[in-house]
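Report on the structure given below.
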Amino acid sequence: EKQGFRHFMLKEIYEQPGVVRTCLEAYLNSDWHSSNGKPPVNLSLPAELYTDLEQIQIVACGTSWHASLVGKYLLEQLAGIPTTVQYASEFRYAPPPLMPNTLTIGVTQSGETADTLAALAMEKERRMNQPPQFKPRLLGITNRPESSLGLLVSHLIDTHAGIEIGVAATKTFIAQLVAFYCLAIDLAYRRQTLSADSLEKILEGLRLLPAEIEMILEVQERYIEELAHGFVDTQDFIFIGRGINYPIALEGALKLKEISYIHAEGYPAGEMKHGPIALLDAKVPVVAIAMPGGVNYEKVLSNAQEAKARDSQLIGVTPKDEGEAAEIFDRLLPVAMVDEILSPIVTVIPLQLLAYHIAARRGLDVDQPRNLAKSVTVE
Ligand code: M6R
C-alpha cells in the first residue's frame, strides 16, 4: 500500500535509503579489514565466473541500461576490465564477434524483459558448442530472482529492493547501482587493481550513502516540489553530465519524459557544442550535474556557462557550499559532498523528485504513465 504517499513512485523514492542499506548488508562482509584476509564483498558467486576474465559485456534496456553504463564505468575504472554495454534489442541482431573469457551480464529488474532475455538466450546458445574458453558465463542482476531470468542464467545478484509498483523505476535503479559497485569492488579486490586505502575509502563512502539520501529527501523535497511548479508548461528539458554522471543525465531525462510527457534529452556535457546547443534558448532549461573532485567538475561548469550564454535557465545538481557553482546556476538542487565515484547514488535522487513533482503537478497518472507497462514482455 501507499502508506500515506500520494503515489507509489514517491513511496518508492523514499524507500531508497533502506534499499541501499539492505543491499550493502547483503553484499559486504561487515568485519572486513584490509589486514584480516577476508574479501570485502561476498556476492556468493563462484570463482570460475571470474577466472582469466578478459572482458565483460552487459545487455539491458531502459533504466537498467543506464545503471549498466554506471557499471561499465566502475568495472573499467576500478577493476580494469574492458566492458561494453548494449541495448538488448540491438545486441541480439548484431552480436559482437565471439571473444574468449567473457562474462555476459543481463540487467533487468523484472527479470521478464523480452529483449534482455532473448539477447541472453542467444549468447548462451552461440557459446554452448565452443571450446572451453568461449563457453557461456552468464550473470543476471535482478530484483526478481524467481523470474524467467533466473531460469536462463546460472548466477544471479538479487537487488533486494522489494516489489516496485510505479512504472518509473527508482528504487530498483538505486539497488542495481549498489550491485554494480559491489561487483566492481569484488573484481578489483581479486585482481588487486585497487590499493587497500582506496578500497577502504570507497567502502566507507558507500556506508554513508543511505544517510546522505535521507538528507536530500528531508531537506529538499518541498523545495523541489515548489521548483517543479515553475516547469509544468515547459516543453523541452536538457540534462547534462560527464563521466560517471553522464548516465545519470540520461536517467534524469528518461524519468521526466516517461511520467510527465515533457520532451527531455540527456547528453554528455561535452557533446552539447556538437549540435544540441542549437536547441537552447530561454524556453529550454538545462539541468547540469556537477560534482567537485575531478576534472569533470570544471568542465561541466564551463559547459553550463555555454548554455547560460544561450539564455537557458540553469539548474545545478551540485553540493551547496561550492561558491563557483552557486554563482553560475539559477537554481540549485543541492546534494551532499560525496566522492565523485560514488555520486550517482545521490545525484539521481533530486532528478527523480523533479520528474515526480512536475508530473504530479500536471495531474498525470504518475504510477501508470500512458503507453508503458511495468514489464515489457514483447520484443
Ligand atoms: O525490468 P527491466 O529492468 O528489464 O525493464 C527495463 C525497462 O523497460 C525499464 O527500465 C523502463 O525503461 C522503465 N520504465 C524506466 O523507468
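Chain lettering (A, B, ...) mirrors the order of the C-alpha cells, residue numbering begins at 1 for each chain separately, and ligand numbering begins at 1 in order of display.
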**Report entry** Picked from stretch 36-253 of chain A by DSSP as helix (DSSP H, G or I), as a PyMOL selection string
**Finding:** chain A and resi 47-49+62-77+88-91+114-128+132-134+148-152+171-191+196-229+243-253
Requested in this report: Go through the chains and note each residue within 10 Å of ligand 1, using only C-alpha atoms and all ligand atoms, then give the set as number ranges by chain.
Outcome: A: 59-67, 88, 106-117, 141-144, 149, 166-170, 172-173, 176, 251-252, 254-259, 368-369, 372-377
For A:Tyr297, work out the shell of residues within 10 Å, counting only C-alpha atoms and skipping chain neighbours fewer than 6 positions away, then give it as a PDB file with all heavy atoms, in the first residue's frame.
ATOM      1  N   GLY A 241      25.755  15.847 -18.063  1.00  0.00           N
ATOM      2  CA  GLY A 241      26.674  15.349 -17.042  1.00  0.00           C
ATOM      3  C   GLY A 241      27.874  14.774 -17.753  1.00  0.00           C
ATOM      4  O   GLY A 241      27.854  14.615 -18.982  1.00  0.00           O
ATOM      5  N   ARG A 242      28.899  14.496 -17.025  1.00  0.00           N
ATOM      6  CA  ARG A 242      30.100  13.884 -17.625  1.00  0.00           C
ATOM      7  C   ARG A 242      30.538  12.709 -16.793  1.00  0.00           C
ATOM      8  O   ARG A 242      30.209  12.605 -15.617  1.00  0.00           O
ATOM      9  CB  ARG A 242      31.250  14.895 -17.672  1.00  0.00           C
ATOM     10  CG  ARG A 242      31.001  16.063 -18.588  1.00  0.00           C
ATOM     11  CD  ARG A 242      32.147  17.056 -18.512  1.00  0.00           C
ATOM     12  NE  ARG A 242      33.230  16.681 -19.398  1.00  0.00           N
ATOM     13  CZ  ARG A 242      33.581  17.352 -20.493  1.00  0.00           C
ATOM     14  NH1 ARG A 242      32.934  18.435 -20.853  1.00  0.00           N
ATOM     15  NH2 ARG A 242      34.591  16.953 -21.223  1.00  0.00           N
ATOM     16  N   GLY A 243      31.348  11.846 -17.404  1.00  0.00           N
ATOM     17  CA  GLY A 243      31.936  10.729 -16.660  1.00  0.00           C
ATOM     18  C   GLY A 243      30.867   9.863 -16.058  1.00  0.00           C
ATOM     19  O   GLY A 243      29.873   9.502 -16.695  1.00  0.00           O
ATOM     20  N   ILE A 289      24.711  18.244 -13.932  1.00  0.00           N
ATOM     21  CA  ILE A 289      25.196  17.521 -12.745  1.00  0.00           C
ATOM     22  C   ILE A 289      26.682  17.821 -12.614  1.00  0.00           C
ATOM     23  O   ILE A 289      27.472  17.479 -13.501  1.00  0.00           O
ATOM     24  CB  ILE A 289      24.967  16.005 -12.900  1.00  0.00           C
ATOM     25  CG1 ILE A 289      23.488  15.735 -13.242  1.00  0.00           C
ATOM     26  CG2 ILE A 289      25.365  15.268 -11.622  1.00  0.00           C
ATOM     27  CD1 ILE A 289      23.236  14.341 -13.761  1.00  0.00           C
ATOM     28  N   ALA A 290      27.042  18.500 -11.533  1.00  0.00           N
ATOM     29  CA  ALA A 290      28.430  18.948 -11.376  1.00  0.00           C
ATOM     30  C   ALA A 290      28.956  18.551 -10.004  1.00  0.00           C
ATOM     31  O   ALA A 290      28.649  19.196  -9.009  1.00  0.00           O
ATOM     32  CB  ALA A 290      28.500  20.471 -11.549  1.00  0.00           C
ATOM     33  N   MET A 291      29.704  17.468  -9.952  1.00  0.00           N
ATOM     34  CA  MET A 291      30.258  17.019  -8.670  1.00  0.00           C
ATOM     35  C   MET A 291      31.736  17.362  -8.597  1.00  0.00           C
ATOM     36  O   MET A 291      32.517  16.956  -9.460  1.00  0.00           O
ATOM     37  CB  MET A 291      30.076  15.506  -8.513  1.00  0.00           C
ATOM     38  CG  MET A 291      28.656  15.085  -8.245  1.00  0.00           C
ATOM     39  SD  MET A 291      27.863  15.919  -6.851  1.00  0.00           S
ATOM     40  CE  MET A 291      28.594  15.085  -5.446  1.00  0.00           C
ATOM     41  N   ASN A 303      30.680  23.979 -19.532  1.00  0.00           N
ATOM     42  CA  ASN A 303      29.591  23.614 -20.460  1.00  0.00           C
ATOM     43  C   ASN A 303      28.280  24.290 -20.026  1.00  0.00           C
ATOM     44  O   ASN A 303      27.491  24.725 -20.871  1.00  0.00           O
ATOM     45  CB  ASN A 303      29.390  22.103 -20.528  1.00  0.00           C
ATOM     46  CG  ASN A 303      30.603  21.358 -21.058  1.00  0.00           C
ATOM     47  OD1 ASN A 303      30.990  20.313 -20.535  1.00  0.00           O
ATOM     48  ND2 ASN A 303      31.242  21.883 -22.096  1.00  0.00           N
ATOM     49  N   THR A 318      24.454  19.835  -7.446  1.00  0.00           N
ATOM     50  CA  THR A 318      25.823  20.089  -7.002  1.00  0.00           C
ATOM     51  C   THR A 318      25.818  20.340  -5.492  1.00  0.00           C
ATOM     52  O   THR A 318      24.781  20.720  -4.954  1.00  0.00           O
ATOM     53  CB  THR A 318      26.366  21.327  -7.782  1.00  0.00           C
ATOM     54  OG1 THR A 318      27.762  21.433  -7.616  1.00  0.00           O
ATOM     55  CG2 THR A 318      25.693  22.617  -7.380  1.00  0.00           C
ATOM     56  N   ALA A 325      29.848  27.247  -8.224  1.00  0.00           N
ATOM     57  CA  ALA A 325      28.636  26.677  -8.795  1.00  0.00           C
ATOM     58  C   ALA A 325      27.435  27.553  -8.459  1.00  0.00           C
ATOM     59  O   ALA A 325      26.573  27.808  -9.304  1.00  0.00           O
ATOM     60  CB  ALA A 325      28.429  25.261  -8.270  1.00  0.00           C
ATOM     61  N   GLU A 340      33.257  11.782  -6.153  1.00  0.00           N
ATOM     62  CA  GLU A 340      32.639  11.725  -7.491  1.00  0.00           C
ATOM     63  C   GLU A 340      32.274  10.286  -7.884  1.00  0.00           C
ATOM     64  O   GLU A 340      31.209  10.033  -8.445  1.00  0.00           O
ATOM     65  CB  GLU A 340      33.594  12.329  -8.521  1.00  0.00           C
ATOM     66  CG  GLU A 340      32.929  12.550  -9.870  1.00  0.00           C
ATOM     67  CD  GLU A 340      33.910  12.994 -10.941  1.00  0.00           C
ATOM     68  OE1 GLU A 340      35.127  12.943 -10.719  1.00  0.00           O
ATOM     69  OE2 GLU A 340      33.433  13.358 -12.029  1.00  0.00           O
TER      70      GLU A 340
END
**Report entry** Residue neighbourhood A:Ala282, 8 Å, only C-alpha atoms, exclusion window fewer than 5 positions, as a VMD selection string
**Finding:** chain A and resid 310 to 313
**Report entry** Counting only C-alpha atoms, the residue of A:Glu90, A:Asp158, A:Asp31, A:Glu1 that sits nearest A:Leu43
**Finding:**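 Between A:Glu90, A:Asp158, A:Asp31, A:Glu1, the residue approaching A:Leu43 most closely is A:Asp158.
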**Report entry** Selected residue, from A:Val41, A:Leu333, A:Ala355, A:Met9, that lies nearest to A:Lys171 when counting only C-alpha atoms
**Finding:**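 Using only C-alpha atoms, the shortest distance to A:Lys171 belongs to A:Met9.
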Query raised in the report: For A:Tyr267, which residue among A:Pro285, A:Pro247, A:Pro97, A:Pro334 is the nearest when counting only C-alpha atoms?
Result: A:Pro247
Report task. Give the strand (DSSP E) residues of stretch 271-364 of chain A, as DSSP finds them on the backbone, and put them as a list of chain:residue names. Result -> A:Val286, A:Val287, A:Ala288, A:Ile289, A:Leu314, A:Ile315, A:Gly316, A:Val317, A:Thr318, A:Arg331, A:Leu332, A:Leu333, A:Pro334
Query raised in the report: Taking into account only C-alpha atoms, which residue in the set A:Asn36, A:Asn42, A:Ser343, A:Gln352 is nearest to A:Ala253?
Result: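 Distance minimum relative to A:Ala253 lands on A:Gln352.
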Query - Given only C-alpha atoms as the counted atoms, nearest of A:Ile202, A:Ala264, A:Leu280, A:Leu53 to A:Ile341 - result: A:Ile202
Query - Shell of 12 Å around A:Ile216, only C-alpha atoms, local chain residues under 6 positions omitted, as a list in words - result: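 Once the nearby chain positions are removed, what remains is Ile13, Tyr14, Gln16, Pro17, Leu209, Pro210, Arg222, Tyr223, Ile224, Val317, Thr318, Pro319, Lys320, Leu333, Pro334, Val335, Ala336, Met337, Ile345, Val346, Thr347, Val348, Ile349, Pro350, Leu351, Gln352 and Leu353 of chain A.
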**Report entry** One-decimal distance in Å that lies between atom CA of A:Ala269 and atom CA of A:Val219
**Finding:**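 These atoms are spaced 27.6 Å apart.
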